[in-house]
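A.B. asks: What follows is run31.pdb, made up of PDB, C-alpha atoms, pLDDT in the B column:
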```pdb
ATOM      1  CA  MET A 771      30.950   0.252  42.210  1.00 45.00           C
ATOM      2  CA  SER A 772      34.249   0.141  43.982  1.00 52.00           C
ATOM      3  CA  SER A 773      34.638   2.251  47.123  1.00 72.00           C
ATOM      4  CA  LYS A 774      37.696   3.793  45.450  1.00 81.00           C
ATOM      5  CA  LEU A 775      35.562   5.186  42.641  1.00 89.00           C
ATOM      6  CA  ASN A 776      33.571   8.009  44.111  1.00 92.00           C
ATOM      7  CA  ILE A 777      34.191  11.696  43.672  1.00 93.00           C
ATOM      8  CA  LYS A 778      35.270  12.219  47.282  1.00 94.00           C
ATOM      9  CA  GLU A 779      37.954   9.503  47.112  1.00 95.00           C
ATOM     10  CA  GLU A 780      39.114  10.545  43.638  1.00 96.00           C
ATOM     11  CA  MET A 781      39.495  14.184  44.705  1.00 96.00           C
ATOM     12  CA  ARG A 782      41.304  13.089  47.886  1.00 96.00           C
ATOM     13  CA  ALA A 783      43.841  11.271  45.708  1.00 96.00           C
ATOM     14  CA  ILE A 784      44.299  14.404  43.611  1.00 97.00           C
ATOM     15  CA  ASP A 785      44.468  16.858  46.523  1.00 96.00           C
ATOM     16  CA  THR A 786      46.874  14.791  48.615  1.00 97.00           C
ATOM     17  CA  LYS A 787      48.965  13.781  45.585  1.00 96.00           C
ATOM     18  CA  ASP A 788      48.482  10.099  46.372  1.00 96.00           C
ATOM     19  CA  ARG A 789      50.818   8.801  43.651  1.00 94.00           C
ATOM     20  CA  GLY A 790      49.946   5.141  44.138  1.00 95.00           C
ATOM     21  CA  TRP A 791      46.170   5.560  44.022  1.00 96.00           C
ATOM     22  CA  TYR A 792      45.716   5.376  40.248  1.00 96.00           C
ATOM     23  CA  GLU A 793      48.039   2.380  39.908  1.00 95.00           C
ATOM     24  CA  SER A 794      46.116   0.560  42.641  1.00 95.00           C
ATOM     25  CA  LEU A 795      42.997   0.541  40.460  1.00 95.00           C
ATOM     26  CA  THR A 796      42.064  -2.450  38.336  1.00 94.00           C
ATOM     27  CA  GLU A 797      41.893  -2.028  34.556  1.00 94.00           C
ATOM     28  CA  GLU A 798      38.086  -2.031  34.817  1.00 94.00           C
ATOM     29  CA  GLU A 799      38.147   0.728  37.459  1.00 94.00           C
ATOM     30  CA  LYS A 800      40.554   2.819  35.381  1.00 94.00           C
ATOM     31  CA  LYS A 801      38.110   2.692  32.462  1.00 91.00           C
ATOM     32  CA  LYS A 802      35.320   4.034  34.678  1.00 92.00           C
ATOM     33  CA  ILE A 803      37.181   7.167  35.816  1.00 93.00           C
ATOM     34  CA  GLY A 804      35.774  10.338  34.271  1.00 92.00           C
ATOM     35  CA  ILE A 805      38.906  12.405  33.683  1.00 94.00           C
ATOM     36  CA  TRP A 806      36.998  15.375  32.208  1.00 91.00           C
ATOM     37  CA  LEU A 807      34.636  15.312  35.182  1.00 92.00           C
ATOM     38  CA  LEU A 808      37.578  15.282  37.607  1.00 94.00           C
ATOM     39  CA  MET A 809      39.160  18.218  35.794  1.00 93.00           C
ATOM     40  CA  ARG A 810      35.927  20.214  36.262  1.00 91.00           C
ATOM     41  CA  TYR A 811      35.954  19.449  39.985  1.00 94.00           C
ATOM     42  CA  THR A 812      39.686  20.163  40.326  1.00 94.00           C
ATOM     43  CA  SER A 813      39.323  23.620  38.793  1.00 92.00           C
ATOM     44  CA  ASN A 814      37.110  24.840  41.640  1.00 91.00           C
ATOM     45  CA  CYS A 815      37.669  25.025  45.357  1.00 91.00           C
ATOM     46  CA  GLY A 816      35.406  25.786  48.302  1.00 88.00           C
ATOM     47  CA  ASP A 817      38.177  27.757  50.039  1.00 89.00           C
ATOM     48  CA  LYS A 818      38.030  31.284  48.572  1.00 87.00           C
ATOM     49  CA  GLN A 819      41.734  31.858  49.287  1.00 91.00           C
ATOM     50  CA  LEU A 820      42.690  28.877  47.113  1.00 92.00           C
ATOM     51  CA  THR A 821      40.177  29.339  44.283  1.00 90.00           C
ATOM     52  CA  ASP A 822      42.601  31.224  42.030  1.00 91.00           C
ATOM     53  CA  HIS A 823      45.296  28.593  42.520  1.00 94.00           C
ATOM     54  CA  TYR A 824      43.034  25.700  41.545  1.00 94.00           C
ATOM     55  CA  LEU A 825      41.528  27.493  38.557  1.00 92.00           C
ATOM     56  CA  ASP A 826      44.818  28.863  37.205  1.00 92.00           C
ATOM     57  CA  TRP A 827      46.805  25.680  37.680  1.00 94.00           C
ATOM     58  CA  THR A 828      44.088  23.449  36.257  1.00 94.00           C
ATOM     59  CA  ASN A 829      43.887  25.633  33.167  1.00 91.00           C
ATOM     60  CA  GLU A 830      47.661  25.946  32.758  1.00 93.00           C
ATOM     61  CA  VAL A 831      48.658  22.356  33.506  1.00 94.00           C
ATOM     62  CA  VAL A 832      45.668  20.089  32.879  1.00 93.00           C
ATOM     63  CA  ASN A 833      43.338  21.812  30.431  1.00 90.00           C
ATOM     64  CA  VAL A 834      45.926  23.223  28.025  1.00 88.00           C
ATOM     65  CA  HIS A 835      46.449  19.956  26.076  1.00 88.00           C
ATOM     66  CA  PHE A 836      43.522  17.983  27.459  1.00 90.00           C
ATOM     67  CA  ASN A 837      42.277  16.592  24.140  1.00 88.00           C
ATOM     68  CA  LYS A 838      45.746  15.749  22.882  1.00 90.00           C
ATOM     69  CA  LEU A 839      46.348  13.655  26.005  1.00 93.00           C
ATOM     70  CA  ARG A 840      42.942  11.928  26.113  1.00 90.00           C
ATOM     71  CA  LYS A 841      44.519   8.543  25.322  1.00 93.00           C
ATOM     72  CA  HIS A 842      46.743   8.862  28.399  1.00 95.00           C
ATOM     73  CA  PRO A 843      44.367   9.035  31.393  1.00 95.00           C
ATOM     74  CA  GLN A 844      47.064   8.197  33.936  1.00 96.00           C
ATOM     75  CA  LEU A 845      49.130  11.173  32.765  1.00 96.00           C
ATOM     76  CA  GLN A 846      46.045  13.397  32.904  1.00 96.00           C
ATOM     77  CA  PHE A 847      45.363  12.207  36.447  1.00 97.00           C
ATOM     78  CA  GLN A 848      48.983  12.883  37.441  1.00 96.00           C
ATOM     79  CA  LEU A 849      48.734  16.379  35.956  1.00 96.00           C
ATOM     80  CA  MET A 850      45.703  17.004  38.162  1.00 96.00           C
ATOM     81  CA  GLN A 851      47.765  15.846  41.135  1.00 97.00           C
ATOM     82  CA  LEU A 852      50.223  18.658  40.348  1.00 96.00           C
ATOM     83  CA  VAL A 853      47.390  21.070  41.091  1.00 96.00           C
ATOM     84  CA  GLY A 854      46.703  19.562  44.534  1.00 95.00           C
ATOM     85  CA  LEU A 855      48.239  21.248  47.566  1.00 95.00           C
ATOM     86  CA  GLY A 856      48.799  18.166  49.717  1.00 95.00           C
ATOM     87  CA  LYS A 857      45.646  18.463  51.812  1.00 94.00           C
ATOM     88  CA  THR A 858      42.036  17.549  51.121  1.00 94.00           C
ATOM     89  CA  THR A 859      39.713  20.415  50.304  1.00 94.00           C
ATOM     90  CA  PHE A 860      36.114  20.687  49.119  1.00 94.00           C
ATOM     91  CA  HIS A 861      35.633  21.041  45.357  1.00 93.00           C
ATOM     92  CA  PRO A 862      32.127  22.154  44.372  1.00 91.00           C
ATOM     93  CA  TRP A 863      30.822  21.240  40.916  1.00 88.00           C
ATOM     94  CA  ILE A 864      30.873  23.890  38.202  1.00 81.00           C
ATOM     95  CA  ALA A 865      28.497  23.152  35.372  1.00 78.00           C
ATOM     96  CA  PRO A 866      30.043  23.737  31.947  1.00 75.00           C
ATOM     97  CA  GLY A 867      28.988  26.933  30.243  1.00 70.00           C
ATOM     98  CA  LYS A 868      26.910  26.997  27.130  1.00 71.00           C
ATOM     99  CA  GLY A 869      29.153  26.472  24.116  1.00 69.00           C
ATOM    100  CA  SER A 870      29.714  29.641  22.153  1.00 73.00           C
ATOM    101  CA  LYS A 871      28.303  29.635  18.674  1.00 82.00           C
ATOM    102  CA  LYS A 872      30.795  29.588  15.879  1.00 85.00           C
ATOM    103  CA  SER A 873      30.713  32.484  13.459  1.00 88.00           C
ATOM    104  CA  LYS A 874      30.004  31.873   9.794  1.00 91.00           C
ATOM    105  CA  LEU A 875      33.673  32.568   9.091  1.00 92.00           C
ATOM    106  CA  GLN A 876      34.775  29.944  11.657  1.00 91.00           C
ATOM    107  CA  LYS A 877      32.342  27.408  10.207  1.00 91.00           C
ATOM    108  CA  TRP A 878      33.657  28.094   6.695  1.00 92.00           C
ATOM    109  CA  VAL A 879      37.296  27.668   7.789  1.00 91.00           C
ATOM    110  CA  ILE A 880      36.464  24.428   9.633  1.00 90.00           C
ATOM    111  CA  GLU A 881      34.652  23.077   6.577  1.00 91.00           C
ATOM    112  CA  ASN A 882      37.360  24.046   4.079  1.00 90.00           C
ATOM    113  CA  TYR A 883      40.422  23.424   6.241  1.00 87.00           C
ATOM    114  CA  ASN A 884      39.253  20.331   8.102  1.00 84.00           C
ATOM    115  CA  HIS A 885      42.835  19.152   8.655  1.00 86.00           C
ATOM    116  CA  LEU A 886      43.403  21.972  11.174  1.00 84.00           C
ATOM    117  CA  ASN A 887      42.732  21.498  14.879  1.00 82.00           C
ATOM    118  CA  ASP A 888      40.891  24.119  16.959  1.00 81.00           C
ATOM    119  CA  ASP A 889      44.066  25.973  17.948  1.00 80.00           C
ATOM    120  CA  GLU A 890      45.293  26.086  14.369  1.00 85.00           C
ATOM    121  CA  ILE A 891      41.917  27.372  13.157  1.00 86.00           C
ATOM    122  CA  GLU A 892      42.053  30.160  15.729  1.00 86.00           C
ATOM    123  CA  ILE A 893      45.592  31.071  14.616  1.00 88.00           C
ATOM    124  CA  PHE A 894      44.587  30.874  10.933  1.00 88.00           C
ATOM    125  CA  ILE A 895      41.711  33.311  11.483  1.00 90.00           C
ATOM    126  CA  SER A 896      43.590  35.693  13.783  1.00 88.00           C
ATOM    127  CA  THR A 897      46.555  36.094  11.420  1.00 87.00           C
ATOM    128  CA  LYS A 898      44.454  37.160   8.434  1.00 88.00           C
ATOM    129  CA  THR A 899      42.934  40.553   7.693  1.00 89.00           C
ATOM    130  CA  LYS A 900      39.489  41.111   6.236  1.00 91.00           C
ATOM    131  CA  GLU A 901      41.167  41.816   2.897  1.00 92.00           C
ATOM    132  CA  ASP A 902      43.041  38.483   3.093  1.00 91.00           C
ATOM    133  CA  PHE A 903      39.740  36.663   3.555  1.00 93.00           C
ATOM    134  CA  ILE A 904      38.062  38.570   0.732  1.00 93.00           C
ATOM    135  CA  GLU A 905      40.901  37.548  -1.582  1.00 93.00           C
ATOM    136  CA  LEU A 906      40.700  33.936  -0.365  1.00 93.00           C
ATOM    137  CA  PHE A 907      36.931  33.813  -0.882  1.00 94.00           C
ATOM    138  CA  GLU A 908      37.308  35.226  -4.389  1.00 94.00           C
ATOM    139  CA  GLU A 909      39.832  32.463  -5.136  1.00 93.00           C
ATOM    140  CA  TYR A 910      37.164  29.981  -4.017  1.00 91.00           C
ATOM    141  CA  GLY A 911      34.812  31.522  -6.607  1.00 93.00           C
ATOM    142  CA  MET A 912      32.425  33.162  -4.164  1.00 93.00           C
ATOM    143  CA  ASP A 913      30.285  36.122  -5.233  1.00 93.00           C
ATOM    144  CA  LYS A 914      30.191  39.484  -3.428  1.00 92.00           C
ATOM    145  CA  LYS A 915      27.005  38.603  -1.513  1.00 93.00           C
ATOM    146  CA  GLN A 916      28.524  35.390  -0.104  1.00 93.00           C
ATOM    147  CA  ILE A 917      31.769  37.217   0.773  1.00 91.00           C
ATOM    148  CA  LYS A 918      29.877  39.990   2.547  1.00 92.00           C
ATOM    149  CA  GLU A 919      27.895  37.421   4.550  1.00 92.00           C
ATOM    150  CA  LEU A 920      31.106  35.684   5.727  1.00 91.00           C
ATOM    151  CA  THR A 921      33.086  38.822   6.526  1.00 88.00           C
ATOM    152  CA  LYS A 922      30.482  40.757   8.501  1.00 83.00           C
ATOM    153  CA  LYS A 923      31.030  40.812  12.250  1.00 66.00           C
TER     154      LYS A 923
END
```
Here is the file; what I need is its structure written in the form of structure tokens.

C.D. replies:
Amino acid sequence: MSSKLNIKEEMRAIDTKDRGWYESLTEEEKKKIGIWLLMRYTSNCGDKQLTDHYLDWTNEVVNVHFNKLRKHPQLQFQLMQLVGLGKTTFHPWIAPGKGSKKSKLQKWVIENYNHLNDDEIEIFISTKTKEDFIELFEEYGMDKKQIKELTKK
């Protein structure tokens, strides 16, 4: 493995905003970079005074459209460099939380409106009342028992 591809060197390039670092990598090295992994590291900081900055900025700048930009790793890396403050700092690992279970209503919407992305599904659900869903389920030919099962909290 290249000496450039280790978490310490990658985080140094992010923290110090080393704009030429990514471009100095070979195509093979670029393929090996774990952008999601780097985002997890970037979002945390060992310096308690800077923790809020790294978490807020990573969420606002890097994480907000992470999946939409997954085919553009250089741009994702540059967005992480926006979070850096110009000096190297320690970034401890934060393990991802357990994924929240989807409700029966969410699963139904995903199954029946599979053209919607996650954000659109959330908007779809949040803009409808219980009565709207009951009417929708009736249009889908569901009986009262099925409707009750999907609409209970």

A.B. asks: Which one of A:Asn833, A:Gln916, A:Asn884, A:Thr921 sits closest to Thr899 (chain A) if you count only C-alpha atoms?

C.D. replies: A:Thr921

A.B. asks: What is the distance, in Å and to one decimal place, between CA of Thr858 (chain A) and CA of Met781 (chain A)?

C.D. replies: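 Distance between the two atoms: 7.7 Å.
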
A.B. asks: Give me, as a VMD selection string, all polymer residues having an atom no more than 12 Å from region 783-791 of chain A, counting all atoms listed in the file and skipping those fewer than 3 positions away in the same chain.

C.D. replies: chain A and resid 774 to 780 794 to 796 799 to 800 805 808 to 809 811 to 815 824 828 844 to 861

A.B. asks: What gap, in Å, lies between CA of Val879 (chain A) and CA of Thr897 (chain A)?

C.D. replies: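 Answer for the CA of Val879 (chain A) to CA of Thr897 (chain A) separation: 13.0 Å.
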
A.B. asks: Pick from A:Thr821, A:Lys877, A:Arg782, A:Pro843: nearest to Ile803 (chain A), with all atoms listed in the file counted?

C.D. replies: A:Pro843

A.B. asks: Do a neighbour search on Lys900 (chain A) at 12 Å with only C-alpha atoms, toss out local chain neighbours closer than 5 positions, and write the hits as a ChimeraX atom specification.

C.D. replies: /A:875,895,905-907,917-918,920-923

A.B. asks: Those residues you just picked out, can you put them in a file as a short mmCIF file (atom, residue, chain, number, x, y, z; two decimals), in the frame of the given file with C-alpha atoms?

C.D. replies:
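The new file selection_7.cif reads:
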```cif
data_model
loop_
_atom_site.label_atom_id
_atom_site.label_comp_id
_atom_site.auth_asym_id
_atom_site.auth_seq_id
_atom_site.Cartn_x
_atom_site.Cartn_y
_atom_site.Cartn_z
CA LEU A 875 33.67 32.57 9.09
CA ILE A 895 41.71 33.31 11.48
CA GLU A 905 40.90 37.55 -1.58
CA LEU A 906 40.70 33.94 -0.36
CA PHE A 907 36.93 33.81 -0.88
CA ILE A 917 31.77 37.22 0.77
CA LYS A 918 29.88 39.99 2.55
CA LEU A 920 31.11 35.68 5.73
CA THR A 921 33.09 38.82 6.53
CA LYS A 922 30.48 40.76 8.50
CA LYS A 923 31.03 40.81 12.25
#
```

A.B. asks: What is the distance between CA of Val834 (chain A) and CA of Glu890 (chain A), in Å to one decimal?

C.D. replies: 14.0 Å

A.B. asks: Around all of region 884-900 of chain A's listed atoms, make the axis-aligned box with 8 Å on each side and tell me centre and edge lengths in Å to one decimal, as AutoDock Vina command-line options.

C.D. replies:
```
--center_x 42.9 --center_y 30.1 --center_z 12.1 --size_x 23.3 --size_y 38.0 --size_z 27.7
```

A.B. asks: Missing atoms in region 847-879 of chain A: can you complete it with N, CA and C atoms, as a PDB file, in the frame of the given file?

C.D. replies:
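Generated file (result35.pdb):
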```pdb
ATOM      1  N   PHE A 847      45.605  12.272  35.008  1.00 97.00           N
ATOM      2  CA  PHE A 847      45.363  12.207  36.447  1.00 97.00           C
ATOM      3  C   PHE A 847      46.574  12.756  37.212  1.00 97.00           C
ATOM      4  N   GLN A 848      47.768  12.394  36.781  1.00 96.00           N
ATOM      5  CA  GLN A 848      48.983  12.883  37.441  1.00 96.00           C
ATOM      6  C   GLN A 848      49.121  14.405  37.287  1.00 96.00           C
ATOM      7  N   LEU A 849      48.704  14.928  36.136  1.00 96.00           N
ATOM      8  CA  LEU A 849      48.734  16.379  35.956  1.00 96.00           C
ATOM      9  C   LEU A 849      47.778  17.066  36.934  1.00 96.00           C
ATOM     10  N   MET A 850      46.631  16.454  37.168  1.00 96.00           N
ATOM     11  CA  MET A 850      45.703  17.004  38.162  1.00 96.00           C
ATOM     12  C   MET A 850      46.317  16.966  39.561  1.00 96.00           C
ATOM     13  N   GLN A 851      47.110  15.933  39.836  1.00 97.00           N
ATOM     14  CA  GLN A 851      47.765  15.846  41.135  1.00 97.00           C
ATOM     15  C   GLN A 851      48.785  16.979  41.324  1.00 97.00           C
ATOM     16  N   LEU A 852      49.324  17.499  40.241  1.00 96.00           N
ATOM     17  CA  LEU A 852      50.223  18.658  40.348  1.00 96.00           C
ATOM     18  C   LEU A 852      49.483  19.870  40.910  1.00 96.00           C
ATOM     19  N   VAL A 853      48.202  19.950  40.633  1.00 96.00           N
ATOM     20  CA  VAL A 853      47.390  21.070  41.091  1.00 96.00           C
ATOM     21  C   VAL A 853      47.120  20.982  42.595  1.00 96.00           C
ATOM     22  N   GLY A 854      46.987  19.766  43.112  1.00 95.00           N
ATOM     23  CA  GLY A 854      46.703  19.562  44.534  1.00 95.00           C
ATOM     24  C   GLY A 854      47.758  20.179  45.429  1.00 95.00           C
ATOM     25  N   LEU A 855      47.334  20.572  46.634  1.00 95.00           N
ATOM     26  CA  LEU A 855      48.239  21.248  47.566  1.00 95.00           C
ATOM     27  C   LEU A 855      48.673  20.372  48.736  1.00 95.00           C
ATOM     28  N   GLY A 856      48.355  19.076  48.672  1.00 95.00           N
ATOM     29  CA  GLY A 856      48.799  18.166  49.717  1.00 95.00           C
ATOM     30  C   GLY A 856      47.799  17.945  50.833  1.00 95.00           C
ATOM     31  N   LYS A 857      46.680  18.663  50.800  1.00 94.00           N
ATOM     32  CA  LYS A 857      45.646  18.463  51.812  1.00 94.00           C
ATOM     33  C   LYS A 857      44.287  18.435  51.121  1.00 94.00           C
ATOM     34  N   THR A 858      43.369  17.683  51.695  1.00 94.00           N
ATOM     35  CA  THR A 858      42.036  17.549  51.121  1.00 94.00           C
ATOM     36  C   THR A 858      41.257  18.842  51.294  1.00 94.00           C
ATOM     37  N   THR A 859      40.569  19.234  50.252  1.00 94.00           N
ATOM     38  CA  THR A 859      39.713  20.415  50.304  1.00 94.00           C
ATOM     39  C   THR A 859      38.430  20.119  49.533  1.00 94.00           C
ATOM     40  N   PHE A 860      37.398  20.883  49.793  1.00 94.00           N
ATOM     41  CA  PHE A 860      36.114  20.687  49.119  1.00 94.00           C
ATOM     42  C   PHE A 860      36.159  21.303  47.724  1.00 94.00           C
ATOM     43  N   HIS A 861      35.679  20.570  46.738  1.00 93.00           N
ATOM     44  CA  HIS A 861      35.633  21.041  45.357  1.00 93.00           C
ATOM     45  C   HIS A 861      34.190  21.008  44.855  1.00 93.00           C
ATOM     46  N   PRO A 862      33.500  22.152  44.877  1.00 91.00           N
ATOM     47  CA  PRO A 862      32.127  22.154  44.372  1.00 91.00           C
ATOM     48  C   PRO A 862      32.104  21.991  42.851  1.00 91.00           C
ATOM     49  N   TRP A 863      30.996  21.462  42.351  1.00 88.00           N
ATOM     50  CA  TRP A 863      30.822  21.240  40.916  1.00 88.00           C
ATOM     51  C   TRP A 863      30.538  22.559  40.216  1.00 88.00           C
ATOM     52  N   ILE A 864      31.171  22.758  39.073  1.00 81.00           N
ATOM     53  CA  ILE A 864      30.873  23.890  38.202  1.00 81.00           C
ATOM     54  C   ILE A 864      30.319  23.307  36.914  1.00 81.00           C
ATOM     55  N   ALA A 865      29.090  23.640  36.619  1.00 78.00           N
ATOM     56  CA  ALA A 865      28.497  23.152  35.372  1.00 78.00           C
ATOM     57  C   ALA A 865      29.185  23.837  34.199  1.00 78.00           C
ATOM     58  N   PRO A 866      29.419  23.109  33.106  1.00 75.00           N
ATOM     59  CA  PRO A 866      30.043  23.737  31.947  1.00 75.00           C
ATOM     60  C   PRO A 866      29.141  24.806  31.361  1.00 75.00           C
ATOM     61  N   GLY A 867      29.753  25.861  30.854  1.00 70.00           N
ATOM     62  CA  GLY A 867      28.988  26.933  30.243  1.00 70.00           C
ATOM     63  C   GLY A 867      28.406  26.494  28.913  1.00 70.00           C
ATOM     64  N   LYS A 868      27.482  27.274  28.449  1.00 71.00           N
ATOM     65  CA  LYS A 868      26.910  26.997  27.130  1.00 71.00           C
ATOM     66  C   LYS A 868      28.001  27.245  26.092  1.00 71.00           C
ATOM     67  N   GLY A 869      28.149  26.328  25.163  1.00 69.00           N
ATOM     68  CA  GLY A 869      29.153  26.472  24.116  1.00 69.00           C
ATOM     69  C   GLY A 869      28.879  27.700  23.274  1.00 69.00           C
ATOM     70  N   SER A 870      29.907  28.463  22.975  1.00 73.00           N
ATOM     71  CA  SER A 870      29.714  29.641  22.153  1.00 73.00           C
ATOM     72  C   SER A 870      29.466  29.209  20.713  1.00 73.00           C
ATOM     73  N   LYS A 871      28.602  29.951  20.067  1.00 82.00           N
ATOM     74  CA  LYS A 871      28.303  29.635  18.674  1.00 82.00           C
ATOM     75  C   LYS A 871      29.466  30.063  17.807  1.00 82.00           C
ATOM     76  N   LYS A 872      29.726  29.268  16.815  1.00 85.00           N
ATOM     77  CA  LYS A 872      30.795  29.588  15.879  1.00 85.00           C
ATOM     78  C   LYS A 872      30.265  30.567  14.849  1.00 85.00           C
ATOM     79  N   SER A 873      31.107  31.520  14.482  1.00 88.00           N
ATOM     80  CA  SER A 873      30.713  32.484  13.459  1.00 88.00           C
ATOM     81  C   SER A 873      30.674  31.785  12.101  1.00 88.00           C
ATOM     82  N   LYS A 874      30.068  32.443  11.142  1.00 91.00           N
ATOM     83  CA  LYS A 874      30.004  31.873   9.794  1.00 91.00           C
ATOM     84  C   LYS A 874      31.414  31.708   9.225  1.00 91.00           C
ATOM     85  N   LEU A 875      32.285  32.658   9.547  1.00 92.00           N
ATOM     86  CA  LEU A 875      33.673  32.568   9.091  1.00 92.00           C
ATOM     87  C   LEU A 875      34.354  31.347   9.692  1.00 92.00           C
ATOM     88  N   GLN A 876      34.179  31.119  11.002  1.00 91.00           N
ATOM     89  CA  GLN A 876      34.775  29.944  11.657  1.00 91.00           C
ATOM     90  C   GLN A 876      34.239  28.650  11.037  1.00 91.00           C
ATOM     91  N   LYS A 877      32.935  28.600  10.812  1.00 91.00           N
ATOM     92  CA  LYS A 877      32.342  27.408  10.207  1.00 91.00           C
ATOM     93  C   LYS A 877      32.920  27.161   8.822  1.00 91.00           C
ATOM     94  N   TRP A 878      33.106  28.230   8.045  1.00 92.00           N
ATOM     95  CA  TRP A 878      33.657  28.094   6.695  1.00 92.00           C
ATOM     96  C   TRP A 878      35.087  27.560   6.757  1.00 92.00           C
ATOM     97  N   VAL A 879      35.901  28.116   7.661  1.00 91.00           N
ATOM     98  CA  VAL A 879      37.296  27.668   7.789  1.00 91.00           C
ATOM     99  C   VAL A 879      37.337  26.201   8.221  1.00 91.00           C
TER     100      VAL A 879
END
```
